[in-house]
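J.: Here you go, structure30.cif (mmCIF, C-alpha atoms and all ligand atoms):
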data_structure
#
loop_
_atom_site.label_atom_id
_atom_site.label_comp_id
_atom_site.auth_asym_id
_atom_site.auth_seq_id
_atom_site.Cartn_x
_atom_site.Cartn_y
_atom_site.Cartn_z
CA MET E 275 15.71 -2.42 -22.01
CA THR E 276 14.58 -5.16 -19.62
CA LEU E 277 14.68 -4.17 -15.96
CA ARG E 278 16.44 -6.88 -13.96
CA VAL E 279 14.65 -7.19 -10.62
CA GLY E 280 15.79 -8.84 -7.38
CA VAL E 281 13.10 -9.86 -4.87
CA ILE E 282 13.81 -9.98 -1.12
CA GLY E 283 11.21 -12.12 0.66
CA THR E 284 9.59 -15.01 -1.17
CA GLY E 285 6.46 -15.31 0.97
CA ALA E 286 2.88 -14.79 -0.17
CA ILE E 287 3.08 -11.39 -1.87
CA GLY E 288 6.69 -11.94 -2.98
CA GLN E 289 5.53 -14.97 -4.95
CA ASP E 290 2.55 -13.05 -6.35
CA HIS E 291 4.85 -10.28 -7.59
CA ILE E 292 7.34 -12.79 -9.03
CA ARG E 293 4.46 -14.41 -10.93
CA ARG E 294 3.04 -11.15 -12.25
CA ILE E 295 6.44 -9.86 -13.39
CA THR E 296 7.23 -13.20 -15.02
CA ASN E 297 3.88 -14.03 -16.61
CA THR E 298 1.74 -10.91 -16.90
CA LEU E 299 3.78 -7.71 -17.08
CA SER E 300 6.27 -6.49 -19.62
CA GLY E 301 9.66 -4.82 -19.43
CA ALA E 302 11.15 -6.67 -16.45
CA LYS E 303 12.37 -10.07 -15.36
CA ILE E 304 13.26 -11.62 -12.02
CA VAL E 305 16.99 -12.30 -11.93
CA ALA E 306 17.54 -12.85 -8.21
CA VAL E 307 15.60 -13.79 -5.09
CA ALA E 308 16.57 -13.77 -1.42
CA ASP E 309 14.90 -15.15 1.65
CA VAL E 310 16.05 -15.91 5.19
CA ASN E 311 14.84 -19.39 4.46
CA VAL E 312 17.04 -20.29 1.46
CA GLU E 313 15.34 -23.64 0.97
CA HIS E 314 12.08 -21.79 0.54
CA ALA E 315 13.65 -19.44 -2.02
CA HIS E 316 14.94 -22.48 -3.95
CA ALA E 317 11.46 -24.00 -3.93
CA VAL E 318 9.91 -20.77 -5.22
CA VAL E 319 12.45 -20.45 -8.04
CA LYS E 320 11.76 -24.07 -9.02
CA ASN E 321 7.96 -23.77 -8.79
CA GLU E 322 7.85 -20.54 -10.76
CA LYS E 323 10.32 -21.94 -13.33
CA ILE E 324 12.45 -18.79 -13.30
CA ASP E 325 16.13 -18.47 -14.00
CA ALA E 326 17.17 -16.49 -10.92
CA ASN E 327 20.17 -16.45 -8.61
CA ILE E 328 19.35 -17.29 -5.02
CA TYR E 329 20.74 -15.40 -2.03
CA GLY E 330 20.42 -16.19 1.68
CA ASN E 331 20.87 -12.53 2.54
CA GLY E 332 19.04 -9.56 1.06
CA HIS E 333 22.15 -7.37 1.29
CA ASP E 334 24.07 -9.67 -1.05
CA LEU E 335 21.19 -9.47 -3.52
CA ILE E 336 21.19 -5.66 -3.38
CA GLN E 337 24.92 -5.58 -4.13
CA ALA E 338 24.67 -8.16 -6.93
CA ALA E 339 25.76 -6.81 -10.32
CA GLU E 340 22.87 -8.52 -12.15
CA VAL E 341 20.25 -6.64 -10.07
CA ASP E 342 19.10 -3.26 -11.45
CA ALA E 343 16.18 -2.70 -9.08
CA VAL E 344 14.95 -4.23 -5.83
CA LEU E 345 11.52 -5.42 -4.69
CA VAL E 346 11.24 -5.71 -0.90
CA THR E 347 8.52 -8.16 0.12
CA ALA E 348 10.04 -9.42 3.35
CA TRP E 349 8.12 -8.91 6.59
CA GLY E 350 7.75 -5.32 7.80
CA PRO E 351 10.54 -5.15 10.44
CA ALA E 352 13.14 -6.06 7.75
CA HIS E 353 12.06 -3.33 5.30
CA GLU E 354 14.19 -0.47 6.66
CA GLU E 355 17.57 -2.19 6.35
CA PHE E 356 16.90 -3.34 2.78
CA VAL E 357 15.41 -0.06 1.60
CA VAL E 358 18.28 1.97 3.08
CA ALA E 359 20.85 -0.44 1.60
CA SER E 360 19.19 -0.12 -1.82
CA ILE E 361 19.30 3.68 -1.57
CA LYS E 362 22.98 3.56 -0.61
CA ALA E 363 23.63 1.27 -3.58
CA GLY E 364 21.79 3.80 -5.80
CA LYS E 365 19.23 1.17 -6.87
CA PRO E 366 15.52 1.91 -7.32
CA VAL E 367 13.49 0.03 -4.71
CA PHE E 368 9.81 -0.88 -4.53
CA CYS E 369 8.92 -1.70 -0.92
CA GLU E 370 5.66 -3.37 0.02
CA LYS E 371 3.65 -1.50 2.62
CA PRO E 372 4.38 -0.57 5.35
CA LEU E 373 7.55 1.27 4.42
CA ALA E 374 8.63 0.35 7.97
CA PRO E 375 6.67 -0.50 11.11
CA THR E 376 7.56 2.69 13.03
CA ALA E 377 7.47 6.37 12.10
CA ASP E 378 11.08 6.77 13.28
CA ALA E 379 12.24 4.01 10.93
CA CYS E 380 10.30 5.61 8.04
CA LEU E 381 11.90 8.97 8.81
CA ARG E 382 15.36 7.35 8.70
CA ILE E 383 14.53 6.07 5.21
CA VAL E 384 13.36 9.56 4.15
CA GLU E 385 16.60 11.03 5.52
CA ALA E 386 18.71 8.43 3.72
CA GLU E 387 16.95 9.19 0.45
CA VAL E 388 17.24 12.97 0.83
CA THR E 389 20.93 12.58 1.71
CA HIS E 390 21.43 10.38 -1.34
CA GLY E 391 19.87 13.16 -3.41
CA LYS E 392 17.76 11.10 -5.84
CA GLN E 393 14.29 9.68 -5.30
CA LEU E 394 14.56 5.91 -5.47
CA VAL E 395 11.83 4.56 -3.19
CA GLN E 396 8.24 3.61 -4.04
CA VAL E 397 5.88 2.15 -1.43
CA GLY E 398 3.30 -0.53 -2.30
CA TYR E 399 0.05 1.36 -1.83
CA MET E 400 -1.86 -0.23 -4.69
CA ARG E 401 -5.22 1.48 -4.22
CA ARG E 402 -3.85 4.54 -6.05
CA TYR E 403 -3.73 2.24 -9.11
CA ASP E 404 -7.29 0.91 -8.77
CA GLU E 405 -9.47 1.93 -11.71
CA GLY E 406 -12.31 2.96 -9.40
CA TYR E 407 -10.20 5.12 -7.09
CA ARG E 408 -8.57 6.73 -10.13
CA ALA E 409 -12.01 7.53 -11.59
CA LEU E 410 -13.08 8.96 -8.23
CA LYS E 411 -9.99 11.17 -8.07
CA LYS E 412 -10.66 12.42 -11.58
CA VAL E 413 -14.15 13.54 -10.51
CA VAL E 414 -12.85 15.24 -7.34
CA ASP E 415 -10.04 16.99 -9.24
CA SER E 416 -12.48 18.14 -11.95
CA GLY E 417 -14.41 20.21 -9.39
CA LYS E 418 -17.71 18.59 -10.43
CA ILE E 419 -18.79 18.12 -6.80
CA GLY E 420 -17.25 21.37 -5.59
CA GLU E 421 -14.84 21.36 -2.67
CA PRO E 422 -14.93 18.11 -0.67
CA LEU E 423 -16.46 18.56 2.79
CA MET E 424 -16.91 15.05 4.19
CA VAL E 425 -15.85 11.49 3.33
CA HIS E 426 -17.64 8.33 4.45
CA CYS E 427 -15.72 5.07 4.12
CA ALA E 428 -16.02 1.42 5.08
CA HIS E 429 -13.27 -1.19 5.08
CA ARG E 430 -14.94 -4.55 5.60
CA ALA E 431 -13.51 -8.06 5.37
CA PRO E 432 -15.36 -11.34 5.94
CA SER E 433 -13.02 -12.51 8.74
CA VAL E 434 -9.38 -12.34 9.79
CA SER E 435 -7.52 -15.16 11.45
CA ASN E 436 -4.11 -13.49 11.68
CA PHE E 437 -5.08 -10.16 13.30
CA SER E 438 -4.12 -9.21 16.83
CA GLY E 439 -3.84 -5.97 18.81
CA ASP E 440 -4.25 -2.89 16.64
CA MET E 441 -3.78 -4.57 13.25
CA ALA E 442 -7.19 -3.36 12.06
CA ILE E 443 -5.50 0.05 12.04
CA THR E 444 -1.85 -0.81 11.35
CA ASP E 445 -2.51 -3.44 8.67
CA ALA E 446 -5.94 -2.67 7.15
CA PHE E 447 -6.76 1.03 7.68
CA VAL E 448 -3.29 2.08 6.45
CA HIS E 449 -4.63 1.69 2.92
CA GLU E 450 -7.34 4.32 3.60
CA ILE E 451 -4.74 6.55 5.27
CA ASP E 452 -2.72 6.57 2.07
CA VAL E 453 -5.43 6.66 -0.56
CA LEU E 454 -7.59 9.33 1.10
CA ARG E 455 -4.84 11.95 1.39
CA TRP E 456 -3.97 11.21 -2.25
CA LEU E 457 -7.65 11.56 -3.27
CA LEU E 458 -8.13 14.78 -1.34
CA ASN E 459 -4.66 16.21 -1.86
CA ASP E 460 -4.62 17.05 1.83
CA ASP E 461 -2.98 15.95 5.08
CA TYR E 462 -4.46 14.95 8.42
CA VAL E 463 -4.42 17.06 11.57
CA THR E 464 -6.35 14.97 14.12
CA ALA E 465 -7.48 11.40 14.73
CA GLN E 466 -10.18 9.97 16.95
CA VAL E 467 -11.29 6.36 17.34
CA ILE E 468 -14.72 5.25 18.50
CA LEU E 469 -15.29 1.67 19.59
CA PRO E 470 -18.82 0.43 18.83
CA ARG E 471 -20.37 -2.68 20.32
CA ASN E 472 -17.97 -5.56 19.67
CA THR E 473 -19.00 -8.37 17.34
CA ARG E 474 -19.12 -11.79 19.00
CA LEU E 475 -17.47 -13.17 15.89
CA ALA E 476 -14.07 -11.48 16.30
CA GLY E 477 -11.08 -13.44 17.61
CA LYS E 478 -10.54 -13.54 21.36
CA GLY E 479 -9.52 -10.13 22.71
CA LEU E 480 -9.89 -8.44 19.33
CA GLN E 481 -11.85 -5.19 19.08
CA ASP E 482 -14.01 -5.17 15.95
CA PRO E 483 -15.44 -2.93 14.50
CA HIS E 484 -13.74 0.47 14.88
CA ILE E 485 -14.83 3.88 13.66
CA VAL E 486 -11.90 6.15 12.84
CA LEU E 487 -12.50 9.88 12.47
CA LEU E 488 -9.85 11.95 10.73
CA GLU E 489 -9.78 15.71 10.20
CA THR E 490 -7.70 17.24 7.43
CA LYS E 491 -5.86 20.55 7.20
CA LYS E 492 -8.65 21.95 5.00
CA GLY E 493 -11.22 20.87 7.62
CA ILE E 494 -12.60 17.86 5.72
CA ARG E 495 -14.07 15.28 8.11
CA ILE E 496 -13.53 11.61 7.28
CA ASP E 497 -15.28 8.72 9.00
CA THR E 498 -14.21 5.15 8.31
CA GLU E 499 -15.78 2.00 9.62
CA ILE E 500 -13.20 -0.79 9.87
CA PHE E 501 -15.05 -4.09 10.31
CA VAL E 502 -12.80 -7.04 9.59
CA ASN E 503 -15.15 -9.84 10.67
CA CYS E 504 -18.27 -8.66 8.86
CA GLN E 505 -18.87 -12.19 7.51
CA TYR E 506 -20.55 -11.26 4.23
CA GLY E 507 -17.68 -10.14 1.97
CA TYR E 508 -14.69 -7.93 1.25
CA ASP E 509 -16.39 -4.61 0.79
CA ILE E 510 -14.57 -1.30 0.32
CA GLN E 511 -16.75 1.79 0.27
CA CYS E 512 -15.88 5.44 -0.17
CA GLN E 513 -18.23 8.38 -0.68
CA ILE E 514 -16.99 11.94 -1.01
CA VAL E 515 -19.50 14.65 -0.17
CA GLY E 516 -18.76 17.94 -1.86
CA GLU E 517 -20.42 21.36 -1.95
CA THR E 518 -22.50 20.55 -5.02
CA GLY E 519 -22.65 16.77 -5.22
CA THR E 520 -21.40 13.42 -3.97
CA ALA E 521 -19.09 10.92 -5.65
CA ASN E 522 -18.94 7.22 -4.81
CA LEU E 523 -16.16 4.71 -5.39
CA PRO E 524 -17.53 2.43 -8.15
CA GLU E 525 -18.43 -1.13 -7.19
CA PRO E 526 -16.29 -3.82 -8.82
CA SER E 527 -18.04 -4.93 -11.99
CA SER E 528 -20.38 -7.85 -11.51
CA VAL E 529 -23.34 -9.32 -13.37
CA LEU E 530 -26.71 -8.08 -12.16
CA LEU E 531 -28.69 -11.29 -11.90
CA ARG E 532 -32.46 -11.67 -12.04
CA SER E 533 -33.29 -15.19 -10.94
CA GLU E 534 -35.65 -17.05 -8.58
CA ALA E 535 -37.60 -13.89 -7.85
CA LYS E 536 -34.43 -12.07 -6.75
CA LEU E 537 -32.32 -9.28 -8.13
CA SER E 538 -28.74 -9.96 -7.04
CA THR E 539 -25.12 -9.12 -7.62
CA GLU E 540 -22.02 -10.80 -6.28
CA ILE E 541 -19.84 -9.31 -3.54
CA LEU E 542 -16.17 -10.34 -3.60
CA THR E 543 -14.78 -12.06 -0.54
CA ASP E 544 -11.03 -11.90 -1.15
CA TRP E 545 -8.93 -8.69 -0.94
CA LYS E 546 -6.55 -10.08 -3.54
CA GLU E 547 -9.34 -10.45 -6.08
CA ARG E 548 -10.71 -6.99 -5.30
CA PHE E 549 -7.38 -5.32 -6.04
CA ILE E 550 -5.73 -7.82 -8.39
CA GLU E 551 -5.70 -5.45 -11.34
CA SER E 552 -4.33 -2.61 -9.20
CA TYR E 553 -1.30 -4.71 -8.27
CA ASP E 554 -0.65 -5.36 -11.96
CA VAL E 555 -1.01 -1.68 -12.90
CA GLU E 556 1.08 -0.59 -9.90
CA LEU E 557 4.05 -2.78 -10.76
CA GLN E 558 3.75 -2.19 -14.50
CA GLU E 559 3.88 1.58 -13.98
CA TRP E 560 6.80 1.15 -11.54
CA ILE E 561 8.70 -0.85 -14.18
CA HIS E 562 8.04 1.75 -16.89
CA SER E 563 8.96 4.74 -14.76
CA THR E 564 12.01 3.03 -13.28
CA VAL E 565 13.36 2.28 -16.74
CA LYS E 566 12.76 5.94 -17.69
CA GLY E 567 14.62 7.05 -14.56
CA GLU E 568 11.50 8.46 -12.88
CA MET E 569 9.80 7.76 -9.58
CA ASN E 570 6.09 8.57 -9.71
CA GLY E 571 4.29 6.38 -7.15
CA PRO E 572 3.74 6.68 -3.39
CA SER E 573 7.02 8.00 -1.99
CA ALA E 574 9.03 7.35 1.14
CA TRP E 575 7.49 10.57 2.48
CA ASP E 576 4.01 9.11 1.90
CA GLY E 577 5.15 5.99 3.78
CA TYR E 578 6.29 8.19 6.67
CA VAL E 579 3.01 10.16 6.78
CA GLN E 580 1.09 6.87 6.84
CA ALA E 581 3.14 5.68 9.83
CA VAL E 582 2.68 8.93 11.80
CA THR E 583 -1.07 8.87 11.12
CA ALA E 584 -1.43 5.20 12.09
CA ASP E 585 0.45 5.90 15.36
CA ALA E 586 -1.96 8.76 16.13
CA CYS E 587 -4.95 6.47 15.45
CA VAL E 588 -3.57 3.78 17.76
CA LYS E 589 -2.99 6.40 20.48
CA ALA E 590 -6.51 7.75 19.93
CA LYS E 591 -7.90 4.24 20.34
CA GLN E 592 -5.92 3.63 23.52
CA THR E 593 -6.71 7.00 25.15
CA GLY E 594 -10.19 7.72 23.82
CA GLN E 595 -8.91 11.24 23.07
CA ILE E 596 -8.74 13.34 19.92
CA VAL E 597 -5.04 13.08 19.05
CA PRO E 598 -3.24 15.80 17.08
CA ILE E 599 -1.22 14.66 14.07
CA SER E 600 1.85 16.77 13.62
CA LEU E 601 4.31 16.33 10.81
CA PRO E 602 7.53 18.17 10.09
CA ASP E 603 7.49 20.22 6.88
CA ARG E 604 7.80 18.01 3.83
CA PRO E 605 11.32 18.28 2.44
CA ALA E 606 11.31 20.26 -0.82
CA PHE E 607 12.99 17.18 -2.28
CA TYR E 608 9.51 15.55 -2.45
CA ASP E 609 7.78 18.55 -4.08
CA LYS E 610 8.53 17.43 -7.59
CA ASN E 611 9.40 14.19 -9.26
CA GLN E 612 13.05 13.52 -8.86
CA PHE E 613 14.89 11.97 -11.73
CA TYR E 614 17.83 9.70 -11.27
CA GLU E 615 20.34 8.50 -13.77
CA PHE E 616 19.77 4.89 -14.59
CA SER E 617 23.42 4.14 -15.00
CA VAL E 618 23.48 0.43 -15.58
CA VAL E 619 26.05 -0.35 -18.23
CA ARG E 620 25.63 -3.59 -20.12
P1 LIG Q 701 4.96 -13.57 4.33
O1 LIG Q 701 4.13 -14.53 3.56
O2 LIG Q 701 5.25 -13.85 5.77
O3 LIG Q 701 6.34 -13.40 3.54
C1 LIG Q 701 7.43 -12.71 4.03
C2 LIG Q 701 8.65 -13.44 3.54
O4 LIG Q 701 9.82 -12.69 3.85
C3 LIG Q 701 8.82 -14.84 4.18
O5 LIG Q 701 9.23 -15.77 3.21
C4 LIG Q 701 9.91 -14.58 5.20
O6 LIG Q 701 10.66 -15.73 5.52
C5 LIG Q 701 10.77 -13.58 4.45
N1 LIG Q 701 11.64 -12.80 5.31
C6 LIG Q 701 11.44 -12.36 6.58
N2 LIG Q 701 12.52 -11.68 7.00
C7 LIG Q 701 13.42 -11.67 5.98
C8 LIG Q 701 14.72 -11.15 5.81
N3 LIG Q 701 15.34 -10.49 6.80
N4 LIG Q 701 15.36 -11.35 4.61
C9 LIG Q 701 14.75 -12.02 3.62
N5 LIG Q 701 13.51 -12.56 3.74
C10 LIG Q 701 12.86 -12.39 4.89
O7 LIG Q 701 4.31 -12.12 4.29
P2 LIG Q 701 3.50 -11.44 3.08
O8 LIG Q 701 2.06 -11.60 3.32
O9 LIG Q 701 4.08 -11.86 1.80
O10 LIG Q 701 3.83 -9.90 3.38
C11 LIG Q 701 5.09 -9.32 3.09
C12 LIG Q 701 4.96 -7.80 3.12
O11 LIG Q 701 4.01 -7.41 2.13
C13 LIG Q 701 4.45 -7.24 4.44
O12 LIG Q 701 5.06 -6.01 4.71
C14 LIG Q 701 2.96 -7.04 4.17
O13 LIG Q 701 2.37 -6.01 4.96
C15 LIG Q 701 2.97 -6.65 2.71
N6 LIG Q 701 1.71 -6.94 2.03
C16 LIG Q 701 1.12 -5.94 1.33
C17 LIG Q 701 -0.10 -6.16 0.74
C18 LIG Q 701 -0.78 -5.05 0.01
O14 LIG Q 701 -1.99 -5.07 -0.09
N7 LIG Q 701 -0.06 -4.10 -0.57
C19 LIG Q 701 -0.70 -7.42 0.81
C20 LIG Q 701 -0.05 -8.44 1.48
C21 LIG Q 701 1.17 -8.18 2.10
P3 LIG Q 701 10.16 -16.66 6.77
O15 LIG Q 701 8.79 -17.08 6.44
O16 LIG Q 701 11.15 -17.77 6.81
O17 LIG Q 701 10.23 -15.76 7.98
#
Would you mind writing the file out in structure tokens?
Ligand code: NAP
T.:
Amino acid sequence: MTLRVGVIGTGAIGQDHIRRITNTLSGAKIVAVADVNVEHAHAVVKNEKIDANIYGNGHDLIQAAEVDAVLVTAWGPAHEEFVVASIKAGKPVFCEKPLAPTADACLRIVEAEVTHGKQLVQVGYMRRYDEGYRALKKVVDSGKIGEPLMVHCAHRAPSVSNFSGDMAITDAFVHEIDVLRWLLNDDYVTAQVILPRNTRLAGKGLQDPHIVLLETKKGIRIDTEIFVNCQYGYDIQCQIVGETGTANLPEPSSVLLRSEAKLSTEILTDWKERFIESYDVELQEWIHSTVKGEMNGPSAWDGYVQAVTADACVKAKQTGQIVPISLPDRPAFYDKNQFYEFSVVR
């Protein structure tokens, strides 16, 4: 069966996902697109040479009979309405991160899904699909380094032109928030943010770098340097220190070059290149599980936890205090994979 996907939001990542579903992945095709800017949606359909219906309103796309499943790649503030509408229509929905820009909005999505009674929502946290992070998780889960005690991370980008305010936390660090609790199988209890000397190369008024300290329920201490104007490359580091050993996130593969009296290896500069395969794996697995009637990726609950944690980090930055992170109990609904009936008749 081919999964017929409708895409809401034909901007940068919407186009990337349309291209990968059309040209790279198997088991799905794009049958509809929607964008507030209909002319833009027309141009994308033409450029990508796809046979898709075009809608000026995401809600019409969700209701369309030809759409089995929905991909939400509109800007963040529009996510909630489209995800909730997809749930109400009983259609599986993959929503790019963040699930929604506020914790309250994420909780409303969780409540809508629990009320609906079937798990339909996956959030676009692609690092869980990265080969390196998956290898790291395998080592941690195997017990080879004993119980994890500390984690040291760095999230570095060469420069950012579109960041303002707290986006280093709310746009960049959110990926660590998601992947680290998945790696450690643990939740956070406190956040603290330390502001080192500012680089002169950040945009006007922008703090850069940050050091974020998180503490988990089990007492694991995590430090992450977020440095988004580091100049030299896109460099994601993660080292887990356990009772009997340490485990590092593997470097992306690159030729080790001996030339001109130097030993060198390339560092990527573009986040898209660093995680390009993860996006493919993420969407391919979503397609396969959706067709099987399963939902296995980052859930709406994970999206909510990310939002609560990011809020605590922002508060910690603003106050200079150690901020407690308190979450309600996770609904039992999210304890196990929920299966839904994929009841498309055709
Ligand atoms: P973008 O280039 O600005 O694209 C967003 C698109 O959605 C634009 O075409 C926009 O139209 C359209 N849009 C806005 N409101 C809409 C609405 N109500 N209905 C239909 N379409 C609407 O942004 P992007 O970079 O693709 O990012 C989109 C989302 O993906 C964001 O949530 C972002 O955080 C996420 N993202 C995730 C990753 C990742 O690593 N997982 C990477 C990049 C982006 P206009 O331009 O006319 O407003």
J.: Just want the residues within 7 Å of ligand LIG 701 (chain Q), written as a VMD selection string, counting all atoms listed in the file.
T.: chain E and resid 282 to 288 308 to 311 331 to 332 347 to 350 352 370 to 372 398 to 400 445
J.: Quick one: pull the distance between CA of Phe437 in chain E and CA of Cys512 in chain E, Å, one decimal.
T.: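 Computing it gives 23.3 Å between the two atoms.
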J.: Please determine, counting all atoms listed in the file, which residue among E:Val307, E:Ala606, E:Ala465, E:Ala359 has the shortest atom-to-atom distance to Leu335 in chain E.
T.: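 Of the candidates, the smallest distance to Leu335 in chain E is held by E:Val307.
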J.: List every residue of range 544-594 of chain E that has an atom at most 12 Å from any atom of range 475-498 of chain E, giving for each one its closest atom pair and the distance in Å to one decimal, counting only C-alpha atoms, sorted by chain and then by ascending residue number, as a tab-separated table.
T.:
residue	atom	partner	partner_atom	distance
E:Thr583	CA	E:Leu488	CA	9.3
E:Ala584	CA	E:Val486	CA	10.5
E:Ala586	CA	E:Leu488	CA	10.1
E:Cys587	CA	E:Val486	CA	7.4
E:Val588	CA	E:Val486	CA	10.0
E:Lys589	CA	E:Val486	CA	11.7
E:Ala590	CA	E:Val486	CA	9.0
E:Lys591	CA	E:Val486	CA	8.7
E:Gln592	CA	E:Gln481	CA	11.5
E:Gly594	CA	E:Val486	CA	11.2
J.: Residues near Phe607 in chain E, anyone? I mean within 12 Å using all atoms listed in the file, not counting same-chain ones fewer than 2 positions away, as a PyMOL selection string.
T.: chain E and resi 384-385+387-394+573-575+603-605+609-613
J.: Which distance in Å separates CA of Tyr506 in chain E and CA of Val448 in chain E, to one decimal?
T.: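 CA of Val448 in chain E lies 21.9 Å from CA of Tyr506 in chain E.
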J.: Complete the atoms of range 536-548 of chain E to N, CA and C atoms and put them out as a PDB file, keeping the file's coordinate frame.
T.:
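part-v8.pdb, freshly written:
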ATOM      1  N   LYS E 536     -35.381 -12.950  -7.456  1.00  0.00           N
ATOM      2  CA  LYS E 536     -34.430 -12.070  -6.750  1.00  0.00           C
ATOM      3  C   LYS E 536     -33.594 -11.305  -7.764  1.00  0.00           C
ATOM      4  N   LEU E 537     -33.251 -10.095  -7.369  1.00  0.00           N
ATOM      5  CA  LEU E 537     -32.320  -9.280  -8.130  1.00  0.00           C
ATOM      6  C   LEU E 537     -31.028  -9.289  -7.314  1.00  0.00           C
ATOM      7  N   SER E 538     -29.922  -9.831  -7.892  1.00  0.00           N
ATOM      8  CA  SER E 538     -28.740  -9.960  -7.040  1.00  0.00           C
ATOM      9  C   SER E 538     -27.458  -9.667  -7.794  1.00  0.00           C
ATOM     10  N   THR E 539     -26.438  -9.347  -7.041  1.00  0.00           N
ATOM     11  CA  THR E 539     -25.120  -9.120  -7.620  1.00  0.00           C
ATOM     12  C   THR E 539     -24.095  -9.620  -6.613  1.00  0.00           C
ATOM     13  N   GLU E 540     -22.990 -10.139  -7.152  1.00  0.00           N
ATOM     14  CA  GLU E 540     -22.020 -10.800  -6.280  1.00  0.00           C
ATOM     15  C   GLU E 540     -21.179  -9.781  -5.511  1.00  0.00           C
ATOM     16  N   ILE E 541     -20.809 -10.119  -4.286  1.00  0.00           N
ATOM     17  CA  ILE E 541     -19.840  -9.310  -3.540  1.00  0.00           C
ATOM     18  C   ILE E 541     -18.580 -10.160  -3.391  1.00  0.00           C
ATOM     19  N   LEU E 542     -17.419  -9.577  -3.724  1.00  0.00           N
ATOM     20  CA  LEU E 542     -16.170 -10.340  -3.600  1.00  0.00           C
ATOM     21  C   LEU E 542     -15.896 -10.664  -2.136  1.00  0.00           C
ATOM     22  N   THR E 543     -15.097 -11.706  -1.921  1.00  0.00           N
ATOM     23  CA  THR E 543     -14.780 -12.060  -0.540  1.00  0.00           C
ATOM     24  C   THR E 543     -13.281 -11.961  -0.258  1.00  0.00           C
ATOM     25  N   ASP E 544     -12.480 -11.816  -1.314  1.00  0.00           N
ATOM     26  CA  ASP E 544     -11.030 -11.900  -1.150  1.00  0.00           C
ATOM     27  C   ASP E 544     -10.377 -10.565  -1.542  1.00  0.00           C
ATOM     28  N   TRP E 545      -9.574  -9.981  -0.638  1.00  0.00           N
ATOM     29  CA  TRP E 545      -8.930  -8.690  -0.940  1.00  0.00           C
ATOM     30  C   TRP E 545      -8.053  -8.776  -2.171  1.00  0.00           C
ATOM     31  N   LYS E 546      -7.447  -9.952  -2.377  1.00  0.00           N
ATOM     32  CA  LYS E 546      -6.550 -10.080  -3.540  1.00  0.00           C
ATOM     33  C   LYS E 546      -7.323  -9.921  -4.826  1.00  0.00           C
ATOM     34  N   GLU E 547      -8.509 -10.558  -4.872  1.00  0.00           N
ATOM     35  CA  GLU E 547      -9.340 -10.450  -6.080  1.00  0.00           C
ATOM     36  C   GLU E 547      -9.811  -9.030  -6.289  1.00  0.00           C
ATOM     37  N   ARG E 548     -10.175  -8.364  -5.185  1.00  0.00           N
ATOM     38  CA  ARG E 548     -10.710  -6.990  -5.300  1.00  0.00           C
ATOM     39  C   ARG E 548      -9.669  -6.053  -5.924  1.00  0.00           C
TER      40      ARG E 548
END
